[in-house]
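Engineer: Following this message is one structure expressed as structure tokens.
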Amino acid sequence: MLEIIHHGGATGVTGSCHQLVLNQNESLLVDCGLFQGEDATEDSFEQLQIEFDISTVRALIITHVHIDHVGRLPYLLAAGFTGPIICSIPTAKLLPLVIEDALKIGFTRNTQLIERFQAQLEKQIISVPYGKWHNIGSASDVSGHSSIGSGMGGRGTTRIKLKRAGHILGSSYVEVSYQDAVTGQKERVVFSGDLGAPYAPLLPAPKSPHGCDQLVLESTYGDRRHPDRRQRRATLKAAVEQALANGGTVMVPAFSIGRTQELLYELETIIHQARSPQWQSLEIIVDSPLASRFTQVYRELKPYWDKEAQGRLRSGRHPLNFANLYTVDSHAEHEQTVEYLAKTGRPAVVIAASGMCAGGRIMNYLKAMLGDERHQVLFVGYQGAGTPGRDIQQYGPQGGWVNIDGERIDIKAGVTSISGYSAHADQKNLLNFVKRMRRWPHTIRLVHGEQTARAALKSELEKLYKRKGKEVKVVNGK
């Protein structure tokens, strides 16, 4: 059985980085993400360093561009990794934007250095279409790409296939097929990346692979089930209307990529169907230059949207570019918007990063408005333990307080959470991912989840196998 070493993401929900050891001299890396919240250590710089041996790594495979899956990529390149970076076609378009932002926040603001990194990244990226097998190059040619298709230096044949994961645009799960050159023994390993849930706006739901021997499975929501996702639009509408009735602003912390675009799609639907002047005149503000750039790329990648979204385009609607949508780019404009909305309470929905309130422009809105009961914070995504987002979500409804940038802020604004918009599969979806395989894995490694989530999913998987009279080894984290 092939060995898998976790360099992050095995015992928490961030920092995903998994090494598949193929033989003594060759391995693959799946993702190279940043640690956030409680997963981050006090000496975060030391945690960013690539301290494991990368000399055997023949390729890095990126499942999707969220920072907890790609944030350590600059450090991997700085450590000397020159091999191919394999990802889906949409991910190849989005990745340079994410890395540029990650460099500016945690690495350097030196323009020349950023450009050098970007040029290096562009050289190494190989984008591959969904659903087709690709051979990984040989050990003797890790810096060039011509060897794709030549096997692995005679030691074995390694092929990978990317399949749609339904999490964000371009997201993939990875199938790895390896055959040892000496023994002829074959093994198939699947890395789930982050799996999406059914009925997500813009994206088709993931379909299970035929089967595998080992499965590395995310478990973010391994201990719970989302409410009926088909009702989430009504829940979103009600949450916004509640805030508007109080004469305030709805603050939505959301990741620049994925959640922001899904929310825009849903808000366009509500505005399109609404009869009330309140909705017709409501301003939807995206206060994030990065989110605006991602939204533009999302528009360019329309062929990867699902059938429903394609139908809307054909009918003349523009789900990500409608009349009520405004974007805030410059920092000065951002400051003016915060001040104006905090003072006037003008009805508006503001979408700003970061999704877990761990930095970014959303922090200024929270500092200005959390203490005012007219306003509303609307959480539509997972809030990691140790993040301000989790604290607001947990203590806000009880009239508690939160520490933001060393300042204690009493939470008087309303706090609402809608789990129906989670971009992650829930327990039922994760079990179905396994159940719908024709050949079930004999070993499942649970990653990307808090301890309670992993324990609950482990129990359910073992019950599932027992009912079917099959044997399984479920590894909970490391």
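Letters for chains follow the order of the structure tokens (A, B, ...), residue numbers begin at 1 for each chain, and ligand numbers begin at 1 in the order shown.
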Would you please extract all strand (DSSP E) residues from range 159-275 of chain A, as assigned by DSSP on the backbone, and give them as a PyMOL selection string?

Structural biologist: chain A and resi 159-164+172-180+186-191+214-218+249-253

Engineer: Restricting the output to C-alpha atoms, write the selected residues as a PDB file, in the first residue's frame.

Structural biologist:
```pdb
ATOM      1  CA  ARG A 159      -1.207   8.784 -14.189  1.00  0.00           C
ATOM      2  CA  ILE A 160      -3.550  11.386 -12.745  1.00  0.00           C
ATOM      3  CA  LYS A 161      -7.085  12.404 -13.621  1.00  0.00           C
ATOM      4  CA  LEU A 162      -8.969  15.496 -12.402  1.00  0.00           C
ATOM      5  CA  LYS A 163     -12.726  15.354 -11.880  1.00  0.00           C
ATOM      6  CA  ARG A 164     -15.124  18.188 -11.009  1.00  0.00           C
ATOM      7  CA  SER A 172     -11.176  19.094  -8.636  1.00  0.00           C
ATOM      8  CA  TYR A 173     -10.752  15.843  -6.866  1.00  0.00           C
ATOM      9  CA  VAL A 174      -7.732  13.817  -7.954  1.00  0.00           C
ATOM     10  CA  GLU A 175      -7.440  10.195  -9.039  1.00  0.00           C
ATOM     11  CA  VAL A 176      -3.898   8.806  -9.015  1.00  0.00           C
ATOM     12  CA  SER A 177      -3.153   5.490 -10.724  1.00  0.00           C
ATOM     13  CA  TYR A 178       0.263   3.945 -10.034  1.00  0.00           C
ATOM     14  CA  GLN A 179       1.821   0.735 -11.379  1.00  0.00           C
ATOM     15  CA  ASP A 180       5.150  -0.474 -10.028  1.00  0.00           C
ATOM     16  CA  LYS A 186      -1.279  -1.442  -9.297  1.00  0.00           C
ATOM     17  CA  GLU A 187      -2.853   0.955  -6.817  1.00  0.00           C
ATOM     18  CA  ARG A 188      -5.379   3.735  -7.181  1.00  0.00           C
ATOM     19  CA  VAL A 189      -5.603   6.626  -4.693  1.00  0.00           C
ATOM     20  CA  VAL A 190      -8.228   9.390  -4.651  1.00  0.00           C
ATOM     21  CA  PHE A 191      -7.745  12.779  -2.970  1.00  0.00           C
ATOM     22  CA  GLN A 214      -7.162   4.456  -0.703  1.00  0.00           C
ATOM     23  CA  LEU A 215      -9.295   7.583  -0.279  1.00  0.00           C
ATOM     24  CA  VAL A 216      -8.149  10.826   1.360  1.00  0.00           C
ATOM     25  CA  LEU A 217     -11.492  12.398   2.259  1.00  0.00           C
ATOM     26  CA  GLU A 218     -12.309  15.864   3.567  1.00  0.00           C
ATOM     27  CA  THR A 249     -26.607  47.283   6.325  1.00  0.00           C
ATOM     28  CA  VAL A 250     -26.128  43.550   5.876  1.00  0.00           C
ATOM     29  CA  MET A 251     -22.432  42.637   6.197  1.00  0.00           C
ATOM     30  CA  VAL A 252     -21.536  39.343   4.543  1.00  0.00           C
ATOM     31  CA  PRO A 253     -18.003  38.037   5.184  1.00  0.00           C
TER      32      PRO A 253
END
```

Engineer: Can you tell me which residues surround Thr11 in chain A at a distance of at most 8 Å, considering only C-alpha atoms, apart from same-chain residues fewer than 3 positions away, and format the answer as a VMD selection string?

Structural biologist: chain A and resid 8 447 to 451 477 to 478

Engineer: So that I have them on file, write out the residues from the current selection with C-alpha atoms, as a PDB file, in the first residue's frame.

Structural biologist:
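The new file part_14.pdb reads:
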```
ATOM      1  CA  GLY A   8      -0.992  19.947   7.019  1.00  0.00           C
ATOM      2  CA  VAL A 447      -8.583  15.116   6.762  1.00  0.00           C
ATOM      3  CA  HIS A 448      -9.677  18.774   6.673  1.00  0.00           C
ATOM      4  CA  GLY A 449     -12.003  18.622   9.678  1.00  0.00           C
ATOM      5  CA  GLU A 450     -12.139  19.349  13.380  1.00  0.00           C
ATOM      6  CA  GLN A 451     -11.807  16.369  15.722  1.00  0.00           C
ATOM      7  CA  GLY A 477      -6.171  12.389  10.854  1.00  0.00           C
ATOM      8  CA  LYS A 478      -2.553  11.264  11.266  1.00  0.00           C
TER       9      LYS A 478
END
```

Engineer: Env of Ala245 in chain A: 9 Å cut, atoms = only C-alpha atoms, seq-sep filter 5 positions within chain, self excluded. Answer as a count of residues only.

Structural biologist: 3

Engineer: Where does DSSP see alpha helix (DSSP H) in range 63-195 of chain A, if you list the residues as a ChimeraX atom specification?

Structural biologist: /A:67-70,73-78,89-106,111-124

Engineer: Which residues are close to range 401-405 of chain A, i.e. within 10 Å by only C-alpha atoms, leaving aside same-chain residues fewer than 6 positions away? Reply as a PDB file with C-alpha atoms, in the first residue's frame.

Structural biologist:
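New file around_25.pdb:
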```pdb
ATOM      1  CA  CYS A 357     -13.183  37.603   9.412  1.00  0.00           C
ATOM      2  CA  ALA A 358      -9.476  36.897   9.806  1.00  0.00           C
ATOM      3  CA  GLY A 359      -8.378  40.070   7.989  1.00  0.00           C
ATOM      4  CA  MET A 363     -12.832  44.010   9.492  1.00  0.00           C
ATOM      5  CA  ASN A 364     -13.392  47.764   9.045  1.00  0.00           C
ATOM      6  CA  LEU A 366     -17.297  45.045  11.629  1.00  0.00           C
ATOM      7  CA  LYS A 367     -15.401  47.583  13.748  1.00  0.00           C
ATOM      8  CA  LEU A 370     -20.958  45.568  15.138  1.00  0.00           C
ATOM      9  CA  GLY A 371     -21.874  47.857  18.031  1.00  0.00           C
ATOM     10  CA  PRO A 388     -13.045  36.271  14.845  1.00  0.00           C
ATOM     11  CA  GLY A 389     -15.822  34.950  12.598  1.00  0.00           C
ATOM     12  CA  ARG A 390     -16.365  31.957  14.898  1.00  0.00           C
ATOM     13  CA  ASP A 391     -16.403  34.262  17.962  1.00  0.00           C
ATOM     14  CA  ILE A 392     -19.008  36.610  16.411  1.00  0.00           C
ATOM     15  CA  GLN A 393     -21.105  33.647  15.281  1.00  0.00           C
ATOM     16  CA  GLN A 394     -20.909  31.981  18.705  1.00  0.00           C
ATOM     17  CA  TYR A 395     -21.181  34.929  21.118  1.00  0.00           C
ATOM     18  CA  ILE A 411     -21.878  42.824  19.549  1.00  0.00           C
ATOM     19  CA  LYS A 412     -25.219  44.602  19.220  1.00  0.00           C
TER      20      LYS A 412
END
```

Engineer: Give me, please, the distance in Å between CA of Ser55 in chain A and CA of Thr158 in chain A, quoted to one decimal.

Structural biologist: 17.4 Å

Engineer: Tell me which of A:Ala413, A:Ile418, A:Leu121, A:Leu267 sits closest to Leu282 in chain A, counting only C-alpha atoms.

Structural biologist: A:Leu267

Engineer: Expressed in Å to a single decimal, how great is the separation between CA of Asn25 in chain A and CA of Thr56 in chain A?

Structural biologist: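 One can read the CA of Asn25 in chain A to CA of Thr56 in chain A distance as 5.3 Å.
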
Engineer: CA of Gly196 in chain A to CA of Leu430 in chain A: how many Å, to one decimal?

Structural biologist: 9.5 Å

Engineer: Of the residues A:Gly381, A:Pro206, A:Gly420, A:Gly247, which is the one nearest to Arg436 in chain A, using only C-alpha atoms?

Structural biologist: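 Checking each candidate against Arg436 in chain A, we get A:Pro206 as the closest.
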
Engineer: Could you check the closest approach to Pro198 in chain A for each of A:Tyr326, A:Leu22, A:Lys470, A:Phe433 and tell me which residue wins, using only C-alpha atoms?

Structural biologist: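 Residue with the minimum atom-to-atom distance to Pro198 in chain A: A:Phe433.
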
Engineer: Using only C-alpha atoms for the distances, tell me which of A:Tyr265, A:Val65, A:Val70, A:Ser330 is nearest to His18 in chain A.

Structural biologist: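 Smallest separation from His18 in chain A among the options: A:Val70.
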
Engineer: Applying 9 Å and only C-alpha atoms, which residues near Tyr298 in chain A remain after dropping the ones on its own chain fewer than 5 positions away? List them as a ChimeraX atom specification.

Structural biologist: /A:90,94,169,257,261,293,304-305,320

Engineer: Emit the selected residues as a compact mmCIF listing (two decimals), in the first residue's frame, including N, CA, C and O atoms.

Structural biologist:
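The file below, out.txt, is the result:
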```
# COMPACT_ATOMS: atom_id res chain seq x y z
N PRO A 90 -9.81 26.08 -15.48
CA PRO A 90 -10.22 27.29 -14.75
C PRO A 90 -9.27 27.64 -13.61
O PRO A 90 -8.97 28.82 -13.38
N LEU A 94 -7.22 31.20 -12.42
CA LEU A 94 -7.45 31.84 -11.13
C LEU A 94 -6.21 31.86 -10.23
O LEU A 94 -6.03 32.77 -9.43
N LEU A 169 -15.39 27.22 -8.71
CA LEU A 169 -15.08 27.05 -10.12
C LEU A 169 -13.64 26.54 -10.28
O LEU A 169 -12.72 27.08 -9.67
N ILE A 257 -13.35 34.24 -3.75
CA ILE A 257 -13.61 33.32 -4.85
C ILE A 257 -14.55 32.23 -4.39
O ILE A 257 -14.35 31.62 -3.35
N GLN A 261 -19.28 34.87 -5.68
CA GLN A 261 -19.97 34.71 -6.96
C GLN A 261 -21.30 33.97 -6.79
O GLN A 261 -22.29 34.30 -7.45
N ARG A 293 -12.01 41.01 -9.41
CA ARG A 293 -11.19 40.38 -10.46
C ARG A 293 -11.60 38.92 -10.66
O ARG A 293 -11.68 38.44 -11.79
N TYR A 304 -17.85 26.67 -18.09
CA TYR A 304 -17.75 25.74 -16.96
C TYR A 304 -18.92 25.91 -15.98
O TYR A 304 -18.97 25.23 -14.97
N TRP A 305 -19.84 26.83 -16.27
CA TRP A 305 -21.02 26.99 -15.43
C TRP A 305 -21.97 25.80 -15.67
O TRP A 305 -21.88 25.11 -16.68
N LEU A 320 -23.89 37.60 -12.89
CA LEU A 320 -22.74 38.16 -12.16
C LEU A 320 -22.44 39.60 -12.57
O LEU A 320 -21.37 40.13 -12.29
```

Engineer: Report as a list in words all protein, DNA and RNA residues lying within 10 Å of Glu268 in chain A, evaluated on only C-alpha atoms, omitting residues in the same chain fewer than 3 positions from it.

Structural biologist: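 Contacts, in chain order: Glu262, Leu263, Leu264, Tyr265, Ile271, His272, Gln273, Ala274, Ile284, Arg317, His318, Pro319, Leu320, Asn321, Phe322, Ala323, Asn324 and Leu325 of chain A.
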
Engineer: Excluding Val57 in chain A and any residue of its chain fewer than 3 positions from it, enumerate the residues within 10 Å of it, using only C-alpha atoms, and give them as a short mmCIF file (atom, residue, chain, number, x, y, z; two decimals) with N, CA and C atoms, in the first residue's frame.

Structural biologist:
```
data_model
loop_
_atom_site.label_atom_id
_atom_site.label_comp_id
_atom_site.auth_asym_id
_atom_site.auth_seq_id
_atom_site.Cartn_x
_atom_site.Cartn_y
_atom_site.Cartn_z
N GLN A 19 1.38 14.32 0.78
CA GLN A 19 2.43 13.75 -0.07
C GLN A 19 2.17 12.26 -0.27
N LEU A 20 2.03 11.86 -1.53
CA LEU A 20 1.84 10.45 -1.87
C LEU A 20 3.20 9.89 -2.28
N VAL A 21 3.72 8.98 -1.47
CA VAL A 21 5.04 8.40 -1.73
C VAL A 21 4.88 7.21 -2.67
N LEU A 22 5.45 7.32 -3.86
CA LEU A 22 5.29 6.28 -4.89
C LEU A 22 6.38 5.22 -4.77
N ASN A 25 12.31 7.14 -4.57
CA ASN A 25 12.81 8.34 -5.24
C ASN A 25 11.73 9.28 -5.74
N GLU A 26 10.48 8.87 -5.69
CA GLU A 26 9.44 9.67 -6.34
C GLU A 26 8.17 9.79 -5.49
N SER A 27 7.62 11.00 -5.52
CA SER A 27 6.37 11.25 -4.80
C SER A 27 5.60 12.37 -5.50
N LEU A 28 4.33 12.52 -5.12
CA LEU A 28 3.49 13.61 -5.61
C LEU A 28 3.02 14.41 -4.41
N LEU A 29 2.82 15.70 -4.62
CA LEU A 29 2.26 16.55 -3.58
C LEU A 29 0.88 17.01 -4.04
N ASP A 53 11.39 17.22 2.96
CA ASP A 53 12.26 17.01 1.79
C ASP A 53 11.42 17.01 0.51
N ILE A 54 11.73 17.95 -0.38
CA ILE A 54 10.96 18.02 -1.64
C ILE A 54 11.73 17.44 -2.83
N LEU A 60 3.32 18.90 -8.29
CA LEU A 60 2.33 19.39 -7.34
C LEU A 60 0.99 19.41 -8.06
N PHE A 81 11.31 24.19 -5.54
CA PHE A 81 10.49 23.29 -6.35
C PHE A 81 10.33 23.85 -7.76
N THR A 82 10.74 23.07 -8.75
CA THR A 82 10.67 23.53 -10.15
C THR A 82 9.83 22.60 -11.03
N GLY A 83 9.17 21.65 -10.41
CA GLY A 83 8.39 20.68 -11.17
C GLY A 83 7.07 21.23 -11.66
N PRO A 84 6.32 20.43 -12.41
CA PRO A 84 5.04 20.88 -12.93
C PRO A 84 4.01 21.08 -11.82
N ALA A 139 11.61 11.34 -13.46
CA ALA A 139 12.45 11.99 -12.44
C ALA A 139 13.57 12.81 -13.06
N VAL A 142 12.22 16.92 -14.17
CA VAL A 142 11.18 17.52 -13.34
C VAL A 142 10.94 18.99 -13.65
#
```
